[in-house]
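S.K.: Below: one structure in structure tokens.
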Amino acid sequence: MKIPKSWMGMAPLGLCLLVFATTLPAQDRVALVIGNDAYQHVPTLSQARIDAEEIGETLTSIGFEVETLLDASWKETRSTIETFSRDHADAGLAVVYFAGHGIEFHGENFLLVNDTDIAKISADVPRMKR
């Protein structure tokens, strides 16, 4: 298995996840992998989708049931997270991986979806907290 250089700092966590995950039945290992490159109001990225796809492939190869969401809006992301949470509430191990922009605003951290408007961040914060 080829491991991207950008993942090297995550190696200890990845090893722990691999050891723990392989002790659970396959149906108990689920993952939601989100990758956003195509932002509308902040600089676009070039690697987040690729990172998400590679993480998804890696998790699949070790027996995870993986759902991948790429370049999604707030509405799509929220709906997917709600469905994933509901459908896998009893999973033995659930992993959520996000590749994309994040921001700290007044001491709170947020992951940015593709249609977040930084110029209107104070208006978007209540929406992001839902």
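Residue numbering restarts at 1 for every chain of the structure tokens, chains are lettered A, B, ... in their displayed order, and ligands are numbered from 1 as they appear.
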Could you name the residues that touch region 96-110 of chain A at 8 Å or less, counting only C-alpha atoms, but leaving out those on the same chain fewer than 3 positions away, as a list of chain:residue names?

M.R.: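 Returned residues: A:Ala31, A:Leu32, A:Val33, A:Ile34, A:Gly35, A:Asn36, A:Asp37, A:Leu45, A:Ala48, A:Arg49, A:Asp51, A:Ala52, A:Val113, A:Met128.
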
S.K.: With a distance cut-off of 7 Å and only C-alpha atoms, select the neighbouring residues of Val30 (chain A), excluding the residue or stretch itself and same-chain residues fewer than 3 positions from it, and output the selection as a list in words.

M.R.: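 Counting only C-alpha atoms, the residues come to Phe64, Glu65, Val66, Ala91, Leu93, Ala94 and Val95 of chain A.
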
S.K.: Can I get the selection written as a PDB file, in the first residue's frame, with N, CA and C atoms?

M.R.:
ATOM      1  N   PHE A  64     -13.449  -1.280   5.946  1.00  0.00           N
ATOM      2  CA  PHE A  64     -14.466  -0.297   6.302  1.00  0.00           C
ATOM      3  C   PHE A  64     -15.506  -0.183   5.194  1.00  0.00           C
ATOM      4  N   GLU A  65     -16.740   0.059   5.591  1.00  0.00           N
ATOM      5  CA  GLU A  65     -17.779   0.482   4.661  1.00  0.00           C
ATOM      6  C   GLU A  65     -17.637   1.999   4.584  1.00  0.00           C
ATOM      7  N   VAL A  66     -17.298   2.535   3.412  1.00  0.00           N
ATOM      8  CA  VAL A  66     -16.954   3.952   3.281  1.00  0.00           C
ATOM      9  C   VAL A  66     -17.978   4.688   2.431  1.00  0.00           C
ATOM     10  N   ALA A  91     -22.691   1.384  15.223  1.00  0.00           N
ATOM     11  CA  ALA A  91     -21.432   0.862  14.668  1.00  0.00           C
ATOM     12  C   ALA A  91     -20.394   0.691  15.769  1.00  0.00           C
ATOM     13  N   LEU A  93     -17.176   1.042  15.254  1.00  0.00           N
ATOM     14  CA  LEU A  93     -16.199   2.098  15.017  1.00  0.00           C
ATOM     15  C   LEU A  93     -16.676   2.937  13.844  1.00  0.00           C
ATOM     16  N   ALA A  94     -16.845   4.221  14.071  1.00  0.00           N
ATOM     17  CA  ALA A  94     -17.226   5.152  13.009  1.00  0.00           C
ATOM     18  C   ALA A  94     -16.142   6.215  12.901  1.00  0.00           C
ATOM     19  N   VAL A  95     -15.650   6.423  11.704  1.00  0.00           N
ATOM     20  CA  VAL A  95     -14.603   7.403  11.437  1.00  0.00           C
ATOM     21  C   VAL A  95     -15.180   8.477  10.525  1.00  0.00           C
TER      22      VAL A  95
END

S.K.: In terms of the shortest atom-to-atom distance over only C-alpha atoms, which of A:Ile81, A:Leu70, A:Ile118, A:Leu111 is closest to Glu53 (chain A)?

M.R.: A:Leu70

S.K.: Using only C-alpha atoms, which of A:Asp90, A:Arg29, A:Ile50, A:Asp117 sits nearest Asp71 (chain A)?

M.R.: A:Ile50
